[in-house]
Amino acid sequence: MDYKTVKIVFMGTPEFAVPVLEALHENFDIICAVTKADKPKGRGGKMSACEVKEKAISLGIPVLSPEKIRTPEFYDELSRFEADFFVTCAYGKILPEEILSMPKYGTVNVHASLLPKYRGANPIQRAILDGETVTGVTTMMTDIGMDTGDMLLKEEVQIGDDMTMTELSSRLSGIGAELIVRTLKGLLEGSVRRVKQNEDEATFSPMLEKSDEAIDWSKDAACIKNQVRSLDEKPGAYSVFGGQKIKIFNAKALEDDSGAEPGTVIGLSKKSFTVKCGKGALEVFEIQPENSKRMDVRSYLNGHKIEGRFE
């Protein structure tokens, strides 16, 4: 079969979705990319395109970036493409039945978890935050629910003890790119079968709140380390020290029975400082002081002291 005759409309927005778009472009005919509308960025508020839009333009793919997708005008525009598949990956909007029913073979989604675990918009950060050691990517047929459609293919990924959200996201993105190509070819060949999700095993992964960024030193060191990893590199887990907000990165959980009050700095070296937790302690190697750049602790200690207690 000549896969380059297979017409696909791709829907995605952030950097995570770019490798998926590139893989589809190499193997099929991407007739359009749909992304979220441009947003103002930076202090000047200049309108800026998302990563998928920028990549699509560079590949010569037509782009649609509607403010609203639930309009007769947008439905008409999409239907004129007469696509074989719609493929979604981190698009950021729930598609209505009017859109899902348009393509000949249906709408396929690339989701960054092993469904039915971690349905929703934030599966990567939540998996790390929960201390999971295994996650993965699932391709699925999209229905009107939140990641509730039939599963197609899966691939597992080990989450290393020190793996950050940025590192895991990059790994899953590359796997998703390979998996979607195999999924679509398998559907066309009849070798990929749909599998219902077990609702009894379903979990949800909501977006993090601002309160999730603040470190609670009364928690176990292992839990705080997971929080730090899950928020690296944005927005960053933080604590307040000397009235200043300090984001914490690159940390290690240690055993400790010092009996100090949680939040107390109990250790200091040339390259790190250690903070007492509810159970154990956290050794910190990298920080970002308020209104400053991210730096290693060694550099920070050249001109600052860290002693006392984090709030």
# chains A, B, ... in the order shown; residues from 1 in each chain; ligands from 1
$ residues_around --residues "range 192-206 of chain A" --least-positions-apart "3" --cutoff "10 Å" --atoms "only C-alpha atoms" --output "MDAnalysis selection string"
chainID A and resid 113 115:127 140:141 146:153 182:189 209
$ select_by_dssp --residues "range 30-255 of chain A" --states "helix (DSSP H, G or I)" --output "JSON, numbers by chain"
{"A": [51, 52, 53, 54, 55, 56, 57, 58, 72, 73, 74, 75, 76, 77, 78, 79, 97, 98, 99, 100, 123, 124, 125, 126, 127, 128, 129, 165, 166, 167, 168, 169, 170, 171, 172, 173, 174, 175, 176, 177, 178, 179, 180, 181, 182, 183, 184, 185, 186, 187, 188, 189, 199, 200, 201, 210, 211, 212, 213, 221, 222, 223, 224, 225, 226, 227, 228, 229, 230]}
$ closest_residue --among "A:Pro14, A:Val284, A:Met47, A:Gly303" --to "Ile266 in chain A" --atoms "only C-alpha atoms"
A:Val284
$ residues_around --residues "Pro96 in chain A" --least-positions-apart "2" --cutoff "12 Å" --atoms "only C-alpha atoms" --output "number ranges by chain"
A: 68-72, 74-75, 93-94, 98-102, 107, 142-146
$ write_last_selection --atoms "C-alpha atoms" --output "mmCIF file, in the first residue's frame"
data_model
loop_
_atom_site.group_PDB
_atom_site.id
_atom_site.type_symbol
_atom_site.label_atom_id
_atom_site.label_comp_id
_atom_site.auth_asym_id
_atom_site.auth_seq_id
_atom_site.Cartn_x
_atom_site.Cartn_y
_atom_site.Cartn_z
ATOM 1 C CA LYS A 68 -13.123 28.110 18.744
ATOM 2 C CA ILE A 69 -13.578 24.651 17.242
ATOM 3 C CA ARG A 70 -17.293 24.164 17.967
ATOM 4 C CA THR A 71 -18.597 26.316 15.134
ATOM 5 C CA PRO A 72 -20.350 25.434 11.861
ATOM 6 C CA PHE A 74 -14.847 25.255 11.396
ATOM 7 C CA TYR A 75 -16.800 22.039 10.844
ATOM 8 C CA LYS A 93 -9.154 20.667 23.391
ATOM 9 C CA ILE A 94 -11.856 18.006 23.591
ATOM 10 C CA GLU A 98 -19.223 16.458 14.819
ATOM 11 C CA ILE A 99 -15.443 16.439 14.341
ATOM 12 C CA LEU A 100 -14.718 12.889 15.496
ATOM 13 C CA SER A 101 -17.114 11.435 12.917
ATOM 14 C CA MET A 102 -15.550 13.227 9.926
ATOM 15 C CA THR A 107 -9.675 9.829 15.031
ATOM 16 C CA THR A 142 -10.806 8.934 20.321
ATOM 17 C CA ASP A 143 -14.383 9.184 21.551
ATOM 18 C CA ILE A 144 -16.261 12.002 23.259
ATOM 19 C CA GLY A 145 -14.940 11.032 26.721
ATOM 20 C CA MET A 146 -11.676 12.062 28.375
#
$ select_by_dssp --residues "range 80-304 of chain A" --states "strand (DSSP E or B)" --output "ChimeraX atom specification"
/A:85-89,107-111,119,134-141,151-158,195,204,214,220,237-241,244-254,264-268,273-276,279,281-289,295-296
$ write_last_selection --atoms "C-alpha atoms" --output "short mmCIF file (atom, residue, chain, number, x, y, z; two decimals), in the first residue's frame"
data_model
loop_
_atom_site.label_atom_id
_atom_site.label_comp_id
_atom_site.auth_asym_id
_atom_site.auth_seq_id
_atom_site.Cartn_x
_atom_site.Cartn_y
_atom_site.Cartn_z
CA PHE A 85 -7.62 9.94 9.74
CA PHE A 86 -7.54 12.72 12.25
CA VAL A 87 -4.57 12.27 14.59
CA THR A 88 -4.38 14.16 17.88
CA CYS A 89 -1.47 14.58 20.29
CA THR A 107 -9.68 9.83 15.03
CA VAL A 108 -6.59 8.37 16.73
CA ASN A 109 -4.91 9.91 19.78
CA VAL A 110 -1.37 9.59 21.13
CA HIS A 111 -1.56 9.61 24.94
CA ARG A 119 -6.30 9.79 31.74
CA VAL A 134 6.80 2.54 34.80
CA THR A 135 4.73 4.56 32.35
CA GLY A 136 4.44 4.60 28.57
CA VAL A 137 2.47 5.65 25.52
CA THR A 138 -0.90 4.41 24.34
CA THR A 139 -2.52 5.01 20.96
CA MET A 140 -6.28 4.95 21.09
CA MET A 141 -9.43 5.62 19.12
CA MET A 151 -6.84 1.22 23.02
CA LEU A 152 -4.76 0.24 19.99
CA LEU A 153 -1.02 -0.11 20.77
CA LYS A 154 1.06 0.44 23.93
CA GLU A 155 4.74 0.71 24.76
CA GLU A 156 6.18 0.82 28.28
CA VAL A 157 8.95 3.09 29.54
CA GLN A 158 10.90 2.76 32.78
CA VAL A 195 -9.25 -3.18 23.03
CA PHE A 204 -7.20 10.67 36.25
CA ALA A 214 5.05 24.76 47.10
CA ASP A 220 8.85 12.37 53.24
CA ALA A 237 8.99 23.31 42.97
CA TYR A 238 9.74 26.11 45.41
CA SER A 239 10.18 27.02 49.05
CA VAL A 240 10.67 30.33 50.85
CA PHE A 241 13.98 31.10 52.53
CA GLN A 244 12.72 34.93 49.11
CA LYS A 245 11.13 32.29 46.89
CA ILE A 246 13.70 29.73 45.80
CA LYS A 247 12.97 27.04 43.22
CA ILE A 248 14.67 23.72 43.83
CA PHE A 249 15.98 21.32 41.18
CA ASN A 250 18.25 18.29 41.08
CA ALA A 251 17.80 16.85 44.56
CA LYS A 252 18.54 13.57 46.31
CA ALA A 253 16.56 11.90 49.10
CA LEU A 254 18.62 10.81 52.10
CA THR A 264 15.86 23.17 58.74
CA VAL A 265 19.16 23.25 56.85
CA ILE A 266 21.09 20.43 58.52
CA GLY A 267 24.02 20.05 56.15
CA LEU A 268 26.22 22.17 53.89
CA PHE A 273 22.88 21.88 51.09
CA THR A 274 20.64 19.43 52.93
CA VAL A 275 17.19 20.17 54.34
CA LYS A 276 15.41 18.10 56.98
CA LYS A 279 11.08 11.66 57.13
CA ALA A 281 16.30 14.74 54.29
CA LEU A 282 16.72 16.31 50.87
CA GLU A 283 20.16 17.15 49.47
CA VAL A 284 19.84 19.97 46.94
CA PHE A 285 22.35 20.57 44.12
CA GLU A 286 20.61 23.14 41.92
CA ILE A 287 18.34 26.12 42.61
CA GLN A 288 16.82 29.22 41.07
CA PRO A 289 16.60 32.20 43.41
CA MET A 295 22.28 27.77 38.90
CA ASP A 296 24.14 25.07 40.78
#
$ closest_residue --among "A:Lys271, A:Lys104, A:His25, A:Lys4" --to "Ala177 in chain A" --atoms "only C-alpha atoms"
A:His25
$ closest_residue --among "A:Cys223, A:Ile180, A:Ile306, A:Ala17" --to "Gly242 in chain A" --atoms "only C-alpha atoms"
A:Ile306
$ closest_residue --among "A:Ile30, A:Ile159, A:Leu95, A:Ala37" --to "Tyr3 in chain A" --atoms "only C-alpha atoms"
A:Ile30
$ residues_around --residues "Arg229 in chain A" --least-positions-apart "6" --cutoff "8 Å" --atoms "only C-alpha atoms" --output "list in words"
Ile128, Leu129, Asp162, Met163, Thr164, Met165, Phe249 and Asn250 of chain A
$ atom_distance --atom1 "CA of Ser272 in chain A" --atom2 "CA of Leu301 in chain A"
8.8 Å
$ closest_residue --among "A:Glu82, A:Glu261, A:Asp130, A:Glu26" --to "Ile224 in chain A" --atoms "only C-alpha atoms"
A:Asp130
$ closest_residue --among "A:Leu64, A:Cys50, A:Leu231, A:Met1" --to "Asn27 in chain A" --atoms "only C-alpha atoms"
A:Met1
